[in-house]
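S.K.: Input file: coords-v7.csv. Contents: CSV, C-alpha atoms.
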```
chain,number,residue,atom,x,y,z
A,1,MET,CA,54.5,-145.7,14.1
A,2,PHE,CA,57.2,-143.6,15.8
A,3,THR,CA,60.9,-144.2,15.7
A,4,GLY,CA,64.2,-142.6,16.7
A,5,SER,CA,64.9,-139.8,19.1
A,6,MET,CA,61.7,-138.7,20.8
A,7,VAL,CA,62.4,-135.7,23.1
A,8,ALA,CA,60.5,-135.4,26.4
A,9,ILE,CA,60.7,-131.7,26.1
A,10,VAL,CA,60.9,-129.4,29.1
A,11,THR,CA,58.4,-126.7,29.8
A,12,PRO,CA,60.2,-123.3,30.0
A,13,MET,CA,59.2,-121.2,33.0
A,14,ASN,CA,59.8,-117.7,34.1
A,15,GLU,CA,61.1,-116.7,37.5
A,16,ASP,CA,57.5,-115.9,38.6
A,17,ASP,CA,56.5,-119.5,37.7
A,18,SER,CA,54.5,-118.6,34.6
A,19,VAL,CA,55.0,-120.7,31.5
A,20,ASP,CA,57.3,-119.0,29.0
A,21,TYR,CA,55.6,-119.8,25.7
A,22,GLU,CA,58.0,-117.8,23.6
A,23,SER,CA,60.9,-119.9,24.9
A,24,LEU,CA,58.8,-123.0,24.2
A,25,ASP,CA,58.5,-121.9,20.6
A,26,LYS,CA,62.3,-121.5,20.4
A,27,LEU,CA,62.9,-124.9,21.9
A,28,VAL,CA,60.6,-126.5,19.3
A,29,ASP,CA,62.6,-124.7,16.6
A,30,PHE,CA,65.8,-125.9,18.1
A,31,HIS,CA,64.6,-129.5,17.9
A,32,LEU,CA,63.4,-129.2,14.4
A,33,GLU,CA,66.7,-127.7,13.3
A,34,ASN,CA,68.6,-130.6,15.0
A,35,GLN,CA,66.5,-133.4,13.6
A,36,THR,CA,64.6,-134.6,16.7
A,37,ASP,CA,62.2,-137.3,15.3
A,38,VAL,CA,59.3,-136.8,17.7
A,39,ILE,CA,58.4,-134.0,20.2
A,40,ILE,CA,56.6,-134.9,23.4
A,41,PRO,CA,55.2,-131.9,25.3
A,42,ALA,CA,53.7,-131.9,28.8
A,43,GLY,CA,55.1,-135.2,29.9
A,44,THR,CA,56.7,-135.8,33.3
A,45,THR,CA,59.9,-134.1,32.2
A,46,GLY,CA,57.7,-131.2,31.2
A,47,GLU,CA,56.7,-130.9,34.9
A,48,SER,CA,53.2,-132.1,34.1
A,49,ALA,CA,52.5,-132.7,37.8
A,50,THR,CA,52.6,-128.9,38.4
A,51,LEU,CA,50.9,-127.7,35.3
A,52,ASP,CA,47.2,-126.9,35.8
A,53,HIS,CA,44.7,-128.2,33.3
A,54,GLU,CA,44.6,-125.0,31.2
A,55,GLU,CA,48.4,-124.8,31.0
A,56,HIS,CA,48.8,-128.4,30.2
A,57,CYS,CA,46.4,-128.2,27.2
A,58,GLU,CA,48.0,-124.9,26.1
A,59,VAL,CA,51.5,-126.3,26.1
A,60,ILE,CA,50.4,-129.2,23.9
A,61,ARG,CA,48.4,-126.9,21.6
A,62,ARG,CA,51.3,-124.5,21.3
A,63,VAL,CA,53.8,-127.2,20.3
A,64,VAL,CA,51.4,-128.7,17.7
A,65,GLU,CA,50.9,-125.2,16.3
A,66,ARG,CA,54.6,-124.5,16.1
A,67,VAL,CA,55.6,-127.9,14.6
A,68,LYS,CA,53.1,-127.6,11.8
A,69,GLY,CA,53.2,-131.3,11.0
A,70,ARG,CA,56.9,-131.4,10.3
A,71,VAL,CA,57.4,-134.2,12.9
A,72,PRO,CA,55.0,-136.1,15.0
A,73,VAL,CA,53.8,-134.6,18.3
A,74,VAL,CA,52.9,-136.9,21.2
A,75,GLY,CA,51.1,-135.2,24.1
A,76,GLY,CA,51.8,-136.3,27.6
A,77,THR,CA,48.3,-136.8,29.1
A,78,GLY,CA,48.8,-139.3,32.0
A,79,ALA,CA,47.4,-138.7,35.4
A,80,ASN,CA,46.6,-140.7,38.5
A,81,SER,CA,42.9,-140.0,38.1
A,82,THR,CA,41.4,-141.9,35.2
A,83,TRP,CA,38.9,-139.2,34.4
A,84,GLU,CA,41.6,-136.5,34.5
A,85,ALA,CA,43.7,-138.5,32.1
A,86,ILE,CA,40.6,-138.8,29.8
A,87,SER,CA,40.1,-135.1,29.9
A,88,LEU,CA,43.7,-134.3,29.1
A,89,THR,CA,43.7,-136.9,26.3
A,90,ARG,CA,40.6,-135.4,24.8
A,91,CYS,CA,42.3,-131.9,25.0
A,92,ALA,CA,45.4,-133.2,23.3
A,93,ALA,CA,43.4,-135.0,20.6
A,94,ASP,CA,41.5,-131.7,19.9
A,95,ALA,CA,44.8,-129.9,19.6
A,96,GLY,CA,45.8,-132.2,16.8
A,97,VAL,CA,48.5,-134.5,18.4
A,98,ASP,CA,49.5,-137.7,16.6
A,99,ALA,CA,49.3,-139.8,19.8
A,100,CYS,CA,49.3,-139.5,23.6
A,101,LEU,CA,51.7,-140.8,26.2
A,102,LEU,CA,50.1,-141.9,29.4
A,103,VAL,CA,52.2,-142.5,32.5
A,104,THR,CA,51.0,-145.1,35.0
A,105,PRO,CA,48.9,-143.7,37.9
A,106,TYR,CA,51.3,-142.5,40.6
A,107,TYR,CA,50.7,-142.9,44.3
A,108,ASN,CA,47.4,-144.8,44.0
A,109,LYS,CA,49.3,-148.1,43.5
A,110,PRO,CA,46.6,-149.8,41.4
A,111,THR,CA,46.6,-153.6,40.9
A,112,GLN,CA,47.4,-155.0,37.5
A,113,GLU,CA,43.7,-155.3,36.9
A,114,GLY,CA,43.3,-151.7,37.9
A,115,LEU,CA,46.0,-150.6,35.4
A,116,TYR,CA,44.3,-152.6,32.7
A,117,GLN,CA,40.9,-151.0,33.4
A,118,HIS,CA,42.5,-147.5,33.6
A,119,TYR,CA,44.1,-147.7,30.2
A,120,LYS,CA,41.2,-149.6,28.6
A,121,LYS,CA,38.8,-146.8,29.7
A,122,ILE,CA,41.0,-144.0,28.3
A,123,ALA,CA,41.3,-145.9,25.0
A,124,GLU,CA,37.6,-146.4,24.8
A,125,GLU,CA,36.8,-142.8,25.6
A,126,VAL,CA,39.3,-141.1,23.2
A,127,ASP,CA,39.9,-142.6,19.8
A,128,ILE,CA,43.6,-141.6,19.3
A,129,PRO,CA,46.8,-143.7,19.3
A,130,GLN,CA,48.0,-144.1,22.9
A,131,ILE,CA,51.4,-145.1,24.3
A,132,LEU,CA,51.7,-146.6,27.7
A,133,TYR,CA,54.5,-145.4,30.0
A,134,ASN,CA,55.9,-147.6,32.8
A,135,VAL,CA,58.4,-145.8,35.2
A,136,PRO,CA,58.1,-147.5,38.6
A,137,GLY,CA,61.0,-145.6,40.0
A,138,ARG,CA,58.9,-142.4,39.8
A,139,THR,CA,55.4,-143.7,40.3
A,140,ALA,CA,55.6,-146.6,42.8
A,141,CYS,CA,53.6,-148.5,40.2
A,142,ASP,CA,55.0,-151.3,38.0
A,143,MET,CA,53.1,-152.5,35.0
A,144,MET,CA,53.9,-156.2,34.3
A,145,PRO,CA,54.5,-157.6,30.8
A,146,GLU,CA,51.4,-159.7,31.0
A,147,THR,CA,49.3,-156.5,31.6
A,148,ILE,CA,51.0,-154.8,28.7
A,149,GLY,CA,50.3,-157.8,26.5
A,150,ARG,CA,46.6,-157.6,27.4
A,151,LEU,CA,46.5,-153.9,26.7
A,152,SER,CA,48.2,-154.3,23.3
A,153,LYS,CA,45.1,-156.1,22.0
A,154,ILE,CA,43.2,-152.8,22.3
A,155,LYS,CA,43.4,-151.3,18.8
A,156,ASN,CA,44.5,-147.7,19.7
A,157,ILE,CA,47.0,-148.7,22.3
A,158,VAL,CA,50.0,-148.8,20.0
A,159,GLY,CA,53.1,-149.1,22.2
A,160,ILE,CA,55.0,-148.6,25.5
A,161,LYS,CA,57.7,-146.4,26.9
A,162,GLU,CA,59.4,-149.0,29.1
A,163,ALA,CA,61.5,-147.3,31.9
A,164,SER,CA,61.7,-150.0,34.5
A,165,GLY,CA,65.4,-150.3,33.9
A,166,ASP,CA,65.1,-154.0,33.3
A,167,MET,CA,66.0,-154.7,29.7
A,168,SER,CA,65.1,-158.4,30.1
A,169,ARG,CA,61.5,-157.4,29.9
A,170,ALA,CA,61.5,-156.3,26.3
A,171,PRO,CA,61.6,-159.8,24.8
A,172,LYS,CA,58.7,-160.8,27.0
A,173,ILE,CA,56.7,-157.7,26.1
A,174,ARG,CA,57.4,-158.4,22.4
A,175,GLU,CA,56.3,-162.1,22.8
A,176,LEU,CA,53.0,-161.1,24.5
A,177,SER,CA,52.2,-158.0,22.4
A,178,GLY,CA,53.2,-159.1,18.9
A,179,PRO,CA,55.5,-157.6,16.2
A,180,ASP,CA,53.6,-154.4,15.5
A,181,PHE,CA,53.5,-153.1,19.1
A,182,MET,CA,56.0,-150.3,19.6
A,183,ILE,CA,58.6,-150.7,22.4
A,184,VAL,CA,60.7,-147.7,23.1
A,185,SER,CA,63.3,-147.2,25.9
A,186,GLY,CA,62.6,-144.7,28.6
A,187,GLU,CA,66.2,-144.9,29.8
A,188,ASP,CA,68.8,-142.9,28.0
A,189,ASN,CA,71.7,-145.0,29.2
A,190,GLN,CA,70.0,-148.1,27.8
A,191,ALA,CA,68.7,-146.6,24.6
A,192,MET,CA,71.5,-147.7,22.2
A,193,GLU,CA,71.3,-151.4,23.4
A,194,SER,CA,67.6,-151.3,23.4
A,195,ILE,CA,67.4,-150.2,19.8
A,196,LEU,CA,70.1,-152.6,18.6
A,197,ALA,CA,68.0,-155.3,20.3
A,198,GLY,CA,65.0,-154.4,18.2
A,199,GLY,CA,63.4,-151.4,19.9
A,200,GLN,CA,62.0,-148.6,17.9
A,201,GLY,CA,63.7,-145.7,19.7
A,202,VAL,CA,63.9,-143.7,22.9
A,203,ILE,CA,61.8,-141.2,24.7
A,204,SER,CA,64.7,-139.1,25.8
A,205,VAL,CA,65.8,-136.5,28.4
A,206,THR,CA,69.3,-136.2,26.9
A,207,ALA,CA,67.8,-135.1,23.6
A,208,ASN,CA,66.7,-131.9,25.3
A,209,VAL,CA,70.4,-130.7,25.3
A,210,ALA,CA,72.0,-132.9,22.6
A,211,PRO,CA,69.3,-133.4,20.1
A,212,ARG,CA,71.4,-134.0,16.9
A,213,LEU,CA,73.7,-136.5,18.6
A,214,MET,CA,70.8,-138.4,20.0
A,215,HIS,CA,69.1,-138.4,16.7
A,216,GLU,CA,72.2,-139.6,14.9
A,217,MET,CA,72.9,-142.3,17.5
A,218,CYS,CA,69.4,-143.6,17.2
A,219,GLN,CA,69.5,-143.7,13.4
A,220,ALA,CA,72.8,-145.6,13.5
A,221,ALA,CA,71.4,-148.1,16.0
A,222,LEU,CA,68.2,-148.5,14.0
A,223,ALA,CA,70.4,-149.3,11.0
A,224,GLY,CA,72.2,-151.9,13.0
A,225,ASP,CA,75.5,-150.1,12.9
A,226,ARG,CA,76.8,-150.8,16.4
A,227,GLU,CA,80.2,-149.3,15.8
A,228,LYS,CA,78.8,-145.9,14.7
A,229,ALA,CA,76.2,-146.0,17.4
A,230,GLN,CA,78.8,-146.6,20.1
A,231,GLN,CA,81.0,-143.8,18.8
A,232,LEU,CA,78.1,-141.3,18.9
A,233,ASN,CA,76.8,-142.6,22.3
A,234,ALA,CA,80.3,-142.1,23.8
A,235,LYS,CA,79.9,-138.4,23.3
A,236,ILE,CA,76.6,-138.2,25.3
A,237,GLU,CA,77.0,-141.1,27.7
A,238,ASP,CA,78.0,-138.7,30.5
A,239,LEU,CA,74.9,-136.7,29.9
A,240,HIS,CA,72.8,-139.8,30.4
A,241,CYS,CA,74.1,-139.9,33.9
A,242,VAL,CA,74.5,-136.3,35.0
A,243,LEU,CA,71.0,-135.2,33.8
A,244,PHE,CA,69.7,-137.4,36.7
A,245,ILE,CA,72.2,-136.3,39.3
A,246,GLU,CA,69.2,-134.5,40.9
A,247,SER,CA,65.6,-135.2,40.2
A,248,ASN,CA,64.6,-134.8,36.5
A,249,PRO,CA,64.2,-132.1,35.1
A,250,ILE,CA,66.4,-130.1,37.5
A,251,PRO,CA,69.7,-130.7,35.7
A,252,THR,CA,68.2,-130.5,32.3
A,253,LYS,CA,66.6,-127.1,32.8
A,254,TRP,CA,69.8,-125.8,34.4
A,255,SER,CA,71.7,-127.1,31.3
A,256,LEU,CA,69.3,-125.4,28.9
A,257,HIS,CA,69.5,-122.2,30.8
A,258,GLU,CA,73.3,-122.5,30.7
A,259,MET,CA,73.0,-123.0,26.9
A,260,GLY,CA,71.0,-119.7,26.7
A,261,LEU,CA,67.8,-121.4,25.5
A,262,ILE,CA,65.4,-121.0,28.5
A,263,PRO,CA,65.0,-118.9,31.7
A,264,ALA,CA,66.0,-120.6,34.9
A,265,GLY,CA,62.4,-121.1,36.2
A,266,LEU,CA,61.4,-124.3,38.0
A,267,ARG,CA,58.2,-124.9,40.0
A,268,LEU,CA,58.3,-125.9,43.6
A,269,PRO,CA,58.7,-128.5,45.0
A,270,LEU,CA,61.6,-128.7,42.5
A,271,THR,CA,64.5,-126.4,43.3
A,272,PRO,CA,67.6,-125.2,41.2
A,273,LEU,CA,70.5,-127.5,40.7
A,274,ASP,CA,72.9,-127.5,43.7
A,275,SER,CA,76.0,-125.6,42.9
A,276,GLN,CA,78.2,-128.6,43.8
A,277,TYR,CA,77.0,-130.3,40.5
A,278,HIS,CA,77.5,-127.3,38.2
A,279,ASP,CA,81.0,-128.2,36.9
A,280,GLU,CA,80.1,-131.9,36.4
A,281,VAL,CA,77.0,-131.1,34.3
A,282,ARG,CA,78.9,-128.4,32.5
A,283,ASN,CA,81.7,-130.8,31.6
A,284,ALA,CA,79.2,-133.3,30.2
A,285,LEU,CA,77.6,-130.6,28.1
A,286,LYS,CA,81.0,-129.6,26.7
A,287,LYS,CA,81.9,-133.2,25.9
A,288,ALA,CA,78.7,-133.5,23.9
A,289,GLY,CA,79.4,-130.2,22.1
A,290,SER,CA,76.3,-128.5,23.7
A,291,LEU,CA,78.4,-125.7,25.2
```
Would you mind writing the file's structure down as structure tokens?
M.R.:
Amino acid sequence: MFTGSMVAIVTPMNEDDSVDYESLDKLVDFHLENQTDVIIPAGTTGESATLDHEEHCEVIRRVVERVKGRVPVVGGTGANSTWEAISLTRCAADAGVDACLLVTPYYNKPTQEGLYQHYKKIAEEVDIPQILYNVPGRTACDMMPETIGRLSKIKNIVGIKEASGDMSRAPKIRELSGPDFMIVSGEDNQAMESILAGGQGVISVTANVAPRLMHEMCQAALAGDREKAQQLNAKIEDLHCVLFIESNPIPTKWSLHEMGLIPAGLRLPLTPLDSQYHDEVRNALKKAGSL
């Protein structure tokens, strides 16, 4: 359903913490010009945890409106409350997204049965394609391949963003979910190998600052051209690391500000990138041709 470079787009903010919708429009244009394959607003990289409900819905609506159907839009609508996730998913569906991305409930630490019931309920309540998102390093909640396999049998649960860091899981997920279930990497530094091994793409942080290179690398990997994919990935591999040198999206928003694309705003409890890392991030941006 969705393939290639799928950007987990940041939410631009002003110094007073307000959402900068004009800069969001410009970011969308930047991605369309640079061939990003899918745009994902209001995900965790978009600081969804500190967007209120109205802002969350408006960010998604604004992106859908700006994209005008030129590429798919997948709204980030996960929450650690099942009913909040349902509400956000309904809002995104009403805005016209092509699908929703739902992170596992953070902090609650549900059982595997709890995860199954959480996603099953959302899928039953909102008839729109839904993508699971497993990122235990951020949520303290790890969804097992067996649970993913069970959920894949629900008709509108169409794929997973797997960001456990364990690439050995993908074959097991494929075995349990079948050939039509979408498996995309949530780890930029594993994206190339994941795609070459049969994955459909990556939901990417790096694509925020190097969208064309990430798109081209994904296309080469999807075509099975390892040599070309490696050549392209070599230009952005430093970004895969430095964009996580402090908590995401701190380095990414600093980078986009450095590139002149967004204001410097972040919402507490996130704080600006420590100055000791500026040169390291700047050098990675230069290597990728982003500066």
S.K.: Show me, as a VMD selection string, the residues that have an atom within 12 Å of Val64 of chain A when counting all atoms listed in the file, minus same-chain residues fewer than 5 positions from it.
M.R.: chain A and resid 24 to 25 28 to 29 38 to 42 57 to 59 69 to 75 92 to 99
S.K.: Which polymer residues have any atom within 10 Å of an atom of Ala49 of chain A, counting all atoms listed in the file, with same-chain residues fewer than 5 positions away left out, as number ranges by chain?
M.R.: A: 42-44, 56, 78-80, 267
S.K.: Pick the closest to Asp180 of chain A from A:Ile157, A:Cys100, A:Met13, A:Leu115: which is it, counting only C-alpha atoms?
M.R.: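 Smallest distance to Asp180 of chain A is found for A:Ile157.
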S.K.: Restricting the calculation to all atoms listed in the file, which member of A:Pro179, A:Pro12, A:Gly4, A:Pro129 is positioned closest to Ile262 of chain A?
M.R.: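 Result for the nearest residue to Ile262 of chain A: A:Pro12.
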S.K.: Here is a test: counting all atoms listed in the file, which residue of A:Glu237, A:Ser185, A:Ile245, A:Ile250 is nearest to Pro269 of chain A?
M.R.: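 Among the listed residues, the smallest separation from Pro269 of chain A belongs to A:Ile250.
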S.K.: Between A:Ser152, A:Phe181, A:His215, A:Val135, which one has atoms that come closest to Asp166 of chain A, using only C-alpha atoms?
M.R.: A:Val135
S.K.: Rounded to one decimal place, report the atom CA of Ser275 of chain A-atom CA of Pro251 of chain A distance in Å.
M.R.: 10.8 Å
S.K.: Identify which of the residues A:Leu270, A:Ala220, A:Val209, A:Ala264 lies closest to Leu291 of chain A, counting all atoms listed in the file when measuring atom-to-atom distances.
M.R.: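 The answer is A:Val209, which sits nearest to Leu291 of chain A.
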S.K.: Which polymer residues, whether protein, DNA or RNA, lie within 12 Å of the coordinate (56.3, -119.0, 35.8) when you count only C-alpha atoms? List them as an MDAnalysis selection string, using the chain letters and numbers from the file.
M.R.: chainID A and resid 11:21 23 47 50:51 55 262:268
S.K.: So, with only C-alpha atoms as the atoms that count, which of A:Thr77, A:Ile195, A:Glu162, A:Ile86 lies closest to Gly46 of chain A?
M.R.: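 Comparing A:Thr77, A:Ile195, A:Glu162, A:Ile86 against Gly46 of chain A, the winner is A:Thr77.
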S.K.: Separation of atom CA of Ala288 of chain A and atom CA of Arg66 of chain A, in Å?
M.R.: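 Value for the atom CA of Ala288 of chain A-atom CA of Arg66 of chain A distance: 26.9 Å.
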S.K.: Ile131 of chain A: which residues within 6 Å, counting only C-alpha atoms, same-chain residues fewer than 5 positions away excluded, as a list in words?
M.R.: Leu101, Val158, Gly159 and Ile160 of chain A
S.K.: Counting all atoms listed in the file, what is within 10 Å of Pro171 of chain A, bar same-chain residues fewer than 3 positions away, as a VMD selection string?
M.R.: chain A and resid 145 167 to 168 174 to 177 183 197 to 199
